[in-house]
$ cat structure-v6.cif   # mmCIF, C-alpha atoms
data_my_file
#
loop_
_atom_site.label_atom_id
_atom_site.label_comp_id
_atom_site.auth_asym_id
_atom_site.auth_seq_id
_atom_site.Cartn_x
_atom_site.Cartn_y
_atom_site.Cartn_z
CA MET A 159 -105.02 47.25 32.30
CA ASN A 160 -101.72 47.74 30.51
CA GLU A 161 -101.61 45.48 27.43
CA ARG A 162 -97.98 46.17 26.59
CA ARG A 163 -95.18 43.70 27.15
CA ARG A 164 -93.13 44.02 30.27
CA PRO A 165 -89.95 45.97 29.49
CA ASP A 166 -87.64 43.20 30.71
CA THR A 167 -89.00 40.61 28.33
CA ALA A 168 -87.07 37.73 26.83
CA GLU A 169 -86.60 39.95 23.80
CA GLY A 170 -84.90 42.67 25.78
CA GLY A 171 -81.25 42.57 26.67
CA GLY A 172 -79.11 45.54 27.37
CA PRO A 173 -75.92 46.56 25.61
CA GLY A 174 -73.91 45.18 28.52
CA ALA A 175 -75.24 41.65 28.03
CA PRO A 176 -72.84 39.04 26.59
CA ARG A 177 -73.03 38.89 22.80
CA LEU A 178 -74.69 35.46 22.75
CA PHE A 179 -77.40 36.57 25.15
CA ARG A 180 -78.29 39.59 23.05
CA SER A 181 -80.17 37.23 20.78
CA PRO A 182 -83.79 37.20 21.94
CA LEU A 183 -84.15 33.61 20.82
CA THR A 184 -81.12 32.51 22.86
CA ARG A 185 -82.47 34.31 25.92
CA PHE A 186 -85.84 32.72 25.42
CA VAL A 187 -84.37 29.21 25.16
CA VAL A 188 -82.13 29.71 28.20
CA ALA A 189 -85.09 31.05 30.18
CA ALA A 190 -87.28 28.11 29.11
CA LEU A 191 -84.58 25.62 30.15
CA ALA A 192 -84.19 27.40 33.47
CA TRP A 193 -87.91 27.32 34.13
CA LEU A 194 -88.38 23.65 33.18
CA PRO A 195 -87.13 22.19 36.49
CA VAL A 196 -89.39 24.60 38.38
CA THR A 197 -92.49 23.88 36.32
CA PHE A 198 -91.82 20.13 36.35
CA GLY A 199 -91.48 20.19 40.15
CA ALA A 200 -94.69 22.16 40.59
CA TRP A 201 -96.50 19.95 38.09
CA TYR A 202 -95.44 16.76 39.88
CA LEU A 203 -96.35 18.06 43.32
CA LEU A 204 -99.67 19.48 42.16
CA GLY A 205 -100.39 16.53 39.85
CA PRO A 206 -103.50 15.25 41.69
CA VAL A 207 -104.98 18.78 41.68
CA LEU A 208 -104.02 19.65 38.10
CA LEU A 209 -105.34 16.32 36.85
CA TRP A 210 -108.59 16.48 38.80
CA PRO A 211 -110.52 17.85 35.76
CA VAL A 212 -109.05 15.03 33.67
CA ARG A 213 -110.37 12.52 36.18
CA LEU A 214 -113.82 14.11 36.03
CA LEU A 215 -113.83 14.06 32.23
CA VAL A 216 -112.64 10.46 32.14
CA GLN A 217 -115.37 9.43 34.60
CA LEU A 218 -117.98 11.28 32.56
CA VAL A 219 -116.94 9.65 29.29
CA ALA A 220 -116.68 6.22 30.94
CA ARG A 221 -120.14 6.56 32.47
CA VAL A 222 -121.78 7.81 29.27
CA GLY A 223 -119.94 5.78 26.66
CA MET A 224 -118.50 2.73 28.43
CA GLY A 225 -121.04 1.92 31.10
CA ASP A 226 -121.04 -1.74 30.11
CA LEU A 227 -117.24 -1.99 30.44
CA VAL A 228 -116.37 0.15 33.46
CA GLN A 229 -117.82 -0.45 36.93
CA THR A 230 -115.97 2.34 38.66
CA ILE A 231 -112.80 4.41 38.46
CA GLU A 232 -110.63 4.75 41.54
CA SER A 233 -108.16 7.57 41.90
CA GLY A 234 -104.79 7.31 43.59
CA GLY A 235 -102.76 10.49 43.31
CA SER A 236 -102.03 11.02 39.63
CA SER A 237 -103.12 7.51 38.63
CA LEU A 238 -106.49 6.04 37.81
CA ALA A 239 -107.60 2.44 38.30
CA PHE A 240 -110.36 1.39 35.90
CA ILE A 241 -112.35 -1.40 37.56
CA THR A 242 -114.02 -3.16 34.67
CA THR A 243 -116.88 -5.62 34.31
CA LEU A 244 -114.57 -8.04 32.47
CA ARG A 245 -113.61 -11.41 33.95
CA PRO A 246 -109.98 -12.57 33.89
CA GLY A 247 -110.96 -15.86 32.27
CA GLU A 248 -111.93 -19.33 33.33
CA GLY A 249 -109.60 -20.97 35.83
CA ILE A 250 -107.69 -17.72 36.40
CA GLY A 251 -109.79 -16.09 39.07
CA THR A 252 -113.20 -14.93 40.13
CA GLY A 253 -112.54 -11.20 40.32
CA VAL A 254 -112.72 -8.56 37.63
CA VAL A 255 -110.05 -7.03 35.46
CA SER A 256 -108.66 -3.64 36.45
CA VAL A 257 -106.41 -1.36 34.38
CA ASP A 258 -104.10 1.24 35.95
CA VAL A 259 -103.24 4.37 33.99
CA ASN A 260 -100.62 6.93 35.00
CA MET A 261 -102.12 10.25 33.92
CA LEU A 262 -98.78 12.07 34.20
CA VAL A 263 -97.53 10.20 31.12
CA TYR A 264 -100.04 12.14 29.03
CA ALA A 265 -99.67 15.43 30.86
CA PHE A 266 -95.94 16.27 30.65
CA GLY A 267 -96.87 18.95 28.13
CA MET A 268 -98.25 21.07 30.96
CA PRO A 269 -94.87 21.93 32.51
CA LEU A 270 -93.38 22.35 29.03
CA PHE A 271 -96.10 24.81 28.06
CA ALA A 272 -95.71 26.65 31.37
CA ALA A 273 -91.93 26.98 30.96
CA LEU A 274 -92.30 28.26 27.39
CA THR A 275 -95.00 30.73 28.38
CA ILE A 276 -93.14 32.11 31.38
CA ALA A 277 -89.92 32.33 29.35
CA ALA A 278 -91.65 34.40 26.65
CA ARG A 279 -92.75 36.84 29.39
CA GLU A 280 -95.61 38.32 27.48
CA ALA A 281 -98.24 40.45 29.18
CA LYS A 282 -100.98 38.50 30.93
CA TRP A 283 -98.93 35.31 30.81
CA TRP A 284 -100.99 33.88 33.66
CA ARG A 285 -104.09 34.10 31.45
CA THR A 286 -102.20 32.29 28.69
CA LEU A 287 -101.25 29.60 31.21
CA ALA A 288 -104.90 29.17 32.17
CA ILE A 289 -106.03 28.95 28.53
CA GLY A 290 -103.30 26.45 27.69
CA TYR A 291 -104.15 24.32 30.70
CA ALA A 292 -107.85 24.29 29.81
CA VAL A 293 -107.12 23.31 26.21
CA MET A 294 -104.70 20.55 27.22
CA VAL A 295 -107.12 18.83 29.62
CA PRO A 296 -109.22 17.15 26.87
CA PHE A 297 -106.08 15.92 25.11
CA VAL A 298 -104.76 14.39 28.32
CA THR A 299 -108.19 12.78 28.75
CA TRP A 300 -107.85 11.33 25.25
CA GLY A 301 -104.52 9.73 26.16
CA VAL A 302 -105.83 8.27 29.42
CA LEU A 303 -108.96 6.79 27.83
CA ALA A 304 -107.04 5.41 24.84
CA ASP A 305 -104.54 3.82 27.24
CA PHE A 306 -107.39 2.13 29.12
CA LEU A 307 -109.04 0.91 25.90
CA LYS A 308 -105.71 -0.39 24.63
CA GLY A 309 -105.31 -2.22 27.93
CA ILE A 310 -108.56 -4.17 27.60
CA ALA A 311 -108.84 -4.52 23.82
CA ILE A 312 -105.26 -5.08 22.66
CA ALA A 313 -102.84 -5.71 25.52
CA ALA A 314 -105.17 -7.99 27.50
CA PRO A 315 -105.19 -11.77 27.03
CA ALA A 316 -107.57 -13.03 24.34
CA ALA A 317 -109.97 -14.37 27.00
CA VAL A 318 -110.41 -10.82 28.30
CA ALA A 319 -110.25 -8.90 25.00
CA SER A 320 -112.95 -11.11 23.50
CA GLN A 321 -115.42 -9.99 26.20
CA THR A 322 -115.17 -6.36 25.07
CA GLY A 323 -116.99 -7.14 21.82
CA PHE A 324 -114.79 -4.76 19.82
CA SER A 325 -114.60 -5.48 16.08
CA GLY A 326 -111.33 -5.66 14.18
CA LEU A 327 -111.82 -2.13 12.86
CA GLN A 328 -112.56 -0.82 16.34
CA ARG A 329 -109.36 -2.42 17.62
CA GLU A 330 -107.42 -0.72 14.81
CA LEU A 331 -108.97 2.62 15.73
CA ILE A 332 -108.13 2.09 19.40
CA ALA A 333 -104.54 1.25 18.47
CA PHE A 334 -104.26 4.41 16.35
CA ALA A 335 -105.90 6.55 19.06
CA TYR A 336 -103.50 5.14 21.63
CA GLN A 337 -100.41 5.66 19.47
CA PHE A 338 -101.47 9.18 18.48
CA GLY A 339 -102.48 9.99 22.05
CA SER A 340 -99.20 8.77 23.53
CA LEU A 341 -96.57 9.52 20.88
CA ILE A 342 -97.83 12.73 19.28
CA LEU A 343 -100.42 14.66 21.29
CA PRO A 344 -98.68 15.01 24.69
CA ALA A 345 -95.67 16.72 23.13
CA VAL A 346 -97.18 18.45 20.11
CA VAL A 347 -100.25 20.03 21.74
CA PRO A 348 -98.29 22.26 24.15
CA ALA A 349 -95.88 23.36 21.40
CA VAL A 350 -98.66 24.16 18.93
CA LEU A 351 -100.68 25.90 21.62
CA TRP A 352 -97.69 27.98 22.59
CA VAL A 353 -97.12 29.01 18.96
CA LEU A 354 -100.79 29.90 18.51
CA LEU A 355 -100.88 31.93 21.72
CA HIS A 356 -97.59 33.77 21.07
CA ARG A 357 -97.97 34.94 17.50
CA ALA A 358 -96.97 38.51 18.32
CA PHE A 359 -93.87 37.29 20.17
CA LEU A 360 -92.90 35.10 17.23
CA GLU A 361 -93.46 37.89 14.75
CA ARG A 362 -91.17 40.16 16.75
CA LEU A 363 -88.54 37.40 16.77
CA ARG A 364 -88.77 37.23 12.99
CA GLN A 365 -88.58 40.99 12.53
CA ARG A 366 -85.49 41.24 14.73
CA ALA A 367 -83.82 38.53 12.69
CA GLY A 368 -84.71 40.21 9.42
CA MET B 1117 -101.58 31.22 10.56
CA LEU B 1118 -104.81 29.29 10.15
CA ARG B 1119 -103.60 27.83 6.84
CA PHE B 1120 -100.30 26.85 8.44
CA PHE B 1121 -102.03 25.26 11.42
CA LEU B 1122 -104.50 23.23 9.35
CA LEU B 1123 -101.80 22.10 6.93
CA PHE B 1124 -99.54 21.15 9.83
CA VAL B 1125 -102.24 19.04 11.50
CA LEU B 1126 -103.14 17.36 8.20
CA LEU B 1127 -99.51 16.60 7.31
CA LEU B 1128 -98.77 15.31 10.80
CA ALA B 1129 -101.78 12.98 10.77
CA VAL B 1130 -100.87 11.64 7.33
CA LEU B 1131 -97.17 11.22 8.16
CA PHE B 1132 -97.97 9.52 11.46
CA GLY B 1133 -100.49 7.23 9.76
CA LEU B 1134 -97.83 6.31 7.20
CA GLU B 1135 -95.31 5.65 9.96
CA LEU B 1136 -97.61 3.03 11.45
CA THR B 1137 -97.96 1.06 8.22
CA PRO B 1138 -96.08 -2.25 8.16
CA TRP B 1139 -94.08 -1.25 5.06
CA VAL B 1140 -92.70 1.94 6.64
CA GLN B 1141 -92.09 0.12 9.91
CA ASP B 1142 -90.17 -2.70 8.21
CA TRP B 1143 -88.16 -0.58 5.77
CA LEU B 1144 -87.59 2.67 7.65
CA VAL B 1145 -88.50 2.73 11.34
CA VAL B 1146 -87.05 -0.61 12.46
CA PRO B 1147 -83.78 -0.21 10.49
CA TRP B 1148 -83.40 3.35 11.76
CA THR B 1149 -84.04 2.27 15.36
CA SER B 1150 -81.40 -0.46 15.04
CA ALA B 1151 -78.99 2.06 13.50
CA LEU B 1152 -79.69 4.42 16.40
CA ALA B 1153 -78.81 1.68 18.88
CA SER B 1154 -75.61 0.92 16.94
CA ILE B 1155 -74.59 4.59 16.69
CA SER B 1156 -75.28 5.18 20.38
CA THR B 1157 -73.36 2.04 21.31
CA TRP B 1158 -70.43 3.06 19.10
CA ILE B 1159 -70.24 6.44 20.84
CA VAL B 1160 -70.48 4.82 24.27
CA THR B 1161 -67.69 2.35 23.48
CA LEU B 1162 -65.33 5.29 23.09
CA PHE B 1163 -65.31 5.47 26.91
CA ASP B 1164 -67.04 2.25 28.00
CA GLY B 1165 -66.02 -0.93 26.23
CA ASN B 1166 -68.56 -3.12 28.02
CA VAL B 1167 -71.53 -2.10 25.89
CA VAL B 1168 -72.94 -3.99 22.91
CA ALA B 1169 -75.85 -3.45 20.56
CA ALA B 1170 -78.22 -6.17 19.35
CA GLY B 1171 -80.94 -4.88 17.07
CA LYS B 1172 -82.68 -2.04 18.88
CA VAL B 1173 -81.22 -3.07 22.27
CA MET B 1174 -78.19 -1.57 24.05
CA ARG B 1175 -76.77 -3.86 26.70
CA SER B 1176 -74.06 -3.53 29.32
CA ASN B 1177 -71.91 -6.64 29.59
CA ALA B 1178 -70.72 -5.42 32.99
CA ASN B 1179 -74.05 -5.67 34.80
CA GLY B 1180 -76.55 -7.00 32.24
CA PHE B 1181 -78.61 -3.80 32.16
CA ALA B 1182 -80.21 -3.18 28.78
CA VAL B 1183 -82.46 -0.61 27.16
CA SER B 1184 -84.67 -1.32 24.18
CA ILE B 1185 -85.32 1.68 21.96
CA GLU B 1186 -89.05 1.69 21.34
CA ALA B 1187 -91.47 3.92 19.44
CA GLY B 1188 -91.36 7.41 20.90
CA CYS B 1189 -87.68 7.08 21.82
CA ASN B 1190 -86.25 6.69 18.33
CA GLY B 1191 -86.80 10.32 17.38
CA VAL B 1192 -89.05 9.38 14.46
CA GLU B 1193 -92.13 11.16 15.83
CA ALA B 1194 -90.12 14.28 16.65
CA THR B 1195 -88.76 14.21 13.11
CA LEU B 1196 -92.28 13.92 11.72
CA VAL B 1197 -93.41 16.93 13.76
CA LEU B 1198 -90.49 18.99 12.41
CA LEU B 1199 -91.16 17.75 8.88
CA ALA B 1200 -94.83 18.71 9.07
CA ALA B 1201 -94.03 22.12 10.62
CA MET B 1202 -91.46 23.02 7.95
CA LEU B 1203 -93.51 21.72 5.03
CA ALA B 1204 -96.61 23.56 6.24
CA PHE B 1205 -94.85 26.89 6.72
CA PRO B 1206 -94.74 29.14 3.65
CA ALA B 1207 -91.09 29.22 2.58
CA PRO B 1208 -88.99 28.63 -0.56
CA TRP B 1209 -88.26 24.94 -1.18
CA LYS B 1210 -84.53 25.55 -0.92
CA HIS B 1211 -85.01 26.81 2.65
CA LYS B 1212 -87.28 23.90 3.48
CA ILE B 1213 -84.77 21.32 2.27
CA VAL B 1214 -81.80 22.93 4.05
CA GLY B 1215 -83.92 23.38 7.18
CA LEU B 1216 -85.05 19.78 7.15
CA VAL B 1217 -81.54 18.37 6.70
CA VAL B 1218 -80.05 20.52 9.47
CA GLY B 1219 -83.13 20.23 11.68
CA ILE B 1220 -83.43 16.46 11.47
CA LEU B 1221 -79.73 16.20 12.25
CA ALA B 1222 -80.17 18.43 15.32
CA VAL B 1223 -83.15 16.41 16.56
CA GLN B 1224 -81.42 13.08 16.06
CA LEU B 1225 -78.20 14.25 17.71
CA LEU B 1226 -80.13 15.24 20.83
CA ASN B 1227 -81.99 11.94 20.66
CA ILE B 1228 -78.70 10.05 20.69
CA LEU B 1229 -77.84 12.00 23.84
CA ARG B 1230 -81.23 10.95 25.25
CA VAL B 1231 -80.61 7.26 24.55
CA ILE B 1232 -77.11 7.33 26.04
CA SER B 1233 -78.18 9.30 29.11
CA LEU B 1234 -81.10 6.95 29.75
CA PHE B 1235 -78.80 3.95 29.37
CA TYR B 1236 -76.63 5.22 32.23
CA LEU B 1237 -79.45 6.69 34.32
CA GLY B 1238 -81.12 3.28 34.30
CA GLN B 1239 -77.99 1.67 35.70
CA TRP B 1240 -77.72 4.32 38.38
CA ASN B 1241 -81.29 4.79 39.64
CA TYR B 1242 -84.45 3.33 38.14
CA ASP B 1243 -86.77 6.02 39.55
CA VAL B 1244 -84.67 8.76 37.98
CA PHE B 1245 -84.58 6.76 34.75
CA GLU B 1246 -88.37 6.55 34.70
CA TRP B 1247 -88.75 10.26 35.36
CA ALA B 1248 -86.28 11.19 32.67
CA HIS B 1249 -87.69 8.65 30.24
CA LEU B 1250 -91.39 9.34 30.67
CA TYR B 1251 -91.42 13.08 31.25
CA VAL B 1252 -88.22 15.12 31.05
CA TRP B 1253 -86.66 13.87 27.82
CA GLN B 1254 -90.01 13.91 26.05
CA ALA B 1255 -90.32 17.60 26.85
CA LEU B 1256 -86.69 18.35 25.96
CA ILE B 1257 -86.96 16.68 22.55
CA MET B 1258 -90.10 18.69 21.78
CA LEU B 1259 -88.37 21.85 22.97
CA ASP B 1260 -85.53 20.98 20.58
CA VAL B 1261 -87.98 20.62 17.70
CA LEU B 1262 -89.59 23.95 18.58
CA VAL B 1263 -86.26 25.77 18.85
CA VAL B 1264 -85.02 24.32 15.56
CA TRP B 1265 -88.25 25.44 13.92
CA LEU B 1266 -87.99 28.92 15.47
CA ILE B 1267 -84.39 29.32 14.25
CA TRP B 1268 -85.46 28.19 10.80
CA VAL B 1269 -88.50 30.48 10.73
CA ARG B 1270 -86.27 33.45 11.61
CA ARG B 1271 -84.12 32.67 8.57
CA VAL B 1272 -86.98 32.25 6.14
CA PRO B 1273 -87.18 35.37 3.99
CA ASN B 1274 -90.44 37.29 4.07
CA SER B 1275 -92.69 36.53 1.12
CA ASP B 1276 -91.86 39.83 -0.64
CA ASP B 1277 -88.13 39.02 -0.35
CA HIS B 1278 -88.39 35.95 -2.56
CA GLY B 1279 -90.84 37.06 -5.17
CA GLY B 1280 -93.98 36.08 -3.32
CA PRO B 1281 -97.14 38.14 -3.35
CA PRO B 1282 -96.18 41.48 -1.76
CA ALA B 1283 -99.61 42.00 -0.25
CA ALA B 1284 -99.43 38.78 1.75
CA PRO B 1285 -99.21 39.45 5.49
CA PRO B 1286 -96.39 37.91 7.48
CA ALA B 1287 -97.33 34.32 8.09
CA LEU B 1288 -96.97 34.48 11.84
CA ALA B 1289 -98.92 37.68 12.19
CA ALA B 1290 -101.84 36.49 10.13
CA GLY B 1291 -104.84 35.51 12.17
#
$ encode --input "structure-v6.cif" --output "structure tokens"
Amino acid sequence: MNERRRPDTAEGGGPGAPRLFRSPLTRFVVAALAWLPVTFGAWYLLGPVLLWPVRLLVQLVARVGMGDLVQTIESGGSSLAFITTLRPGEGIGTGVVSVDVNMLVYAFGMPLFAALTIAAREAKWWRTLAIGYAVMVPFVTWGVLADFLKGIAIAAPAAVASQTGFSGLQRELIAFAYQFGSLILPAVVPAVLWVLLHRAFLERLRQRAG
Amino acid sequence: MLRFFLLFVLLLAVLFGLELTPWVQDWLVVPWTSALASISTWIVTLFDGNVVAAGKVMRSNANGFAVSIEAGCNGVEATLVLLAAMLAFPAPWKHKIVGLVVGILAVQLLNILRVISLFYLGQWNYDVFEWAHLYVWQALIMLDVLVVWLIWVRRVPNSDDHGGPPAAPPALAAG
């Protein structure tokens, strides 16, 4: 197997190319922007398939660690419905509380990572895509679970939240996990992963600038 | 690279933890978010006089549509990521300071574009607004942070250019 980069990489660029596009960084950014609509479209269409491992992980964690809170988890496309054991409160109804979570909200880093990886056009980019996807799955799971916990422990009415039995400290931890899992991880994980998996590409970018 | 990565994660966790404290929220995040709404509204009024700002809310007087700039849309987290990435990377302090000033400006300028675009997308089509809000702009802002960091990293002199230890390997090539 040839380990070398493909000759027409984002760092290439012939003498006939416009001056701006001779910069490997500019070409990389333009390529990434061009790939984003494609990867976003594929990600949205394949969402239920791509997020299937997330659903499995969420179900596993819910069964092992939250068996007293979660009766079952129903899947609808890219969303999950957590059917809990919690009651809505006296005089409100006789059913149980359910929390819907849109998994895509925590998974938009997948198309970003794919666009960056394809734009860099390194050898074996498909393997990099697979590694990145596998690493991102647990982080998406984090976001989904934290969203659910936030829903029952913080956003729910007091009559519901009190049934969870969470202490004040646990609520604080859930709030932090939710904020970190929604505001930081979905965007940062793909970028950091891409940097870690493209060190040689980045080093060549630096050397060309030097 | 390992040192950079660990330092980046540590700095990001600390900065994000600080951001969530009531003091930082009251004195920095909330005022900045209100300023962002005012700046965005000021720009919009150059071509649309029916828009007003109230706190962190932008509202159209023409149709009543309003957007509230919440956490994640005020560019603070993106700024923290850039801050952590530049502070963690081995570079002279002069380069870090210049990079941070220019980089934060670049991130916030794109974020203003995000706020204004979402304000009009929401008035046009709510489904498109949701898509742009929840997925596309989040990715674009992170791409902006990454590109700013890459441009900055390319301009950082190698360690032996600024009196650093000559034996040190290039930061990005180190394993």
$ interface_residues --input "structure-v6.cif" --of "chain A" --to "chain B" --cutoff "6 Å" --atoms "only C-alpha atoms" --output "short mmCIF file (atom, residue, chain, number, x, y, z; two decimals) with C-alpha atoms, keeping the file's coordinate frame"
data_model
loop_
_atom_site.label_atom_id
_atom_site.label_comp_id
_atom_site.auth_asym_id
_atom_site.auth_seq_id
_atom_site.Cartn_x
_atom_site.Cartn_y
_atom_site.Cartn_z
CA PHE A 266 -95.94 16.27 30.65
CA LEU A 341 -96.57 9.52 20.88
CA ARG A 357 -97.97 34.94 17.50
CA GLU A 361 -93.46 37.89 14.75
CA ARG A 364 -88.77 37.23 12.99
CA ALA A 367 -83.82 38.53 12.69
#
$ resolve_selection --input "structure-v6.cif" --expression "the PyMOL selection byres ((chain A and resi 350) around 10)" --output "list in words"
Phe271, Leu343, Ala345, Val346, Val347, Pro348, Ala349, Leu351, Trp352, Val353, Leu354, Leu355 and His356 of chain A; Phe1121, Phe1124, Val1125, Ala1201 and Leu1262 of chain B
$ residues_around --input "structure-v6.cif" --residues "range 239-247 of chain A" --least-positions-apart "4" --cutoff "12 Å" --atoms "only C-alpha atoms" --output "count of residues only"
46
$ resolve_selection --input "structure-v6.cif" --expression "the PyMOL selection byres ((chain B and resi 1153) around 7)" --output "ChimeraX atom specification"
/B:1149-1152,1154-1157,1169,1172-1174
$ closest_residue --input "structure-v6.cif" --among "B:Leu1225, B:Leu1216, B:Leu1131, B:Val1167" --to "Ile342 in chain A" --atoms "all atoms listed in the file"
B:Leu1131
$ atom_distance --input "structure-v6.cif" --atom1 "CA of Ile276 in chain A" --atom2 "CA of Trp193 in chain A"
7.6 Å
$ closest_residue --input "structure-v6.cif" --among "A:Tyr291, A:Phe198, A:Phe334, A:Trp283" --to "Pro211 in chain A" --atoms "all atoms listed in the file"
A:Tyr291
$ atom_distance --input "structure-v6.cif" --atom1 "CA of Tyr264 in chain A" --atom2 "CA of Val1218 in chain B"
29.2 Å
$ atom_distance --input "structure-v6.cif" --atom1 "CA of Trp1265 in chain B" --atom2 "CA of Met268 in chain A"
20.2 Å
$ closest_residue --input "structure-v6.cif" --among "A:Leu209, A:Leu204, A:Val263, A:Ala292" --to "Pro344 in chain A" --atoms "all atoms listed in the file"
A:Val263
$ axis_aligned_box --input "structure-v6.cif" --around "range 1267-1276 of chain B" --padding-each-side "3 Å" --output "JSON"
{"center_x": -88.4, "center_y": 34.0, "center_z": 6.8, "size_x": 14.6, "size_y": 17.6, "size_z": 20.9}
$ closest_residue --input "structure-v6.cif" --among "B:Thr1161, B:Ala1170, B:Asn1227, B:Leu1199" --to "Ile1213 in chain B" --atoms "only C-alpha atoms"
B:Leu1199
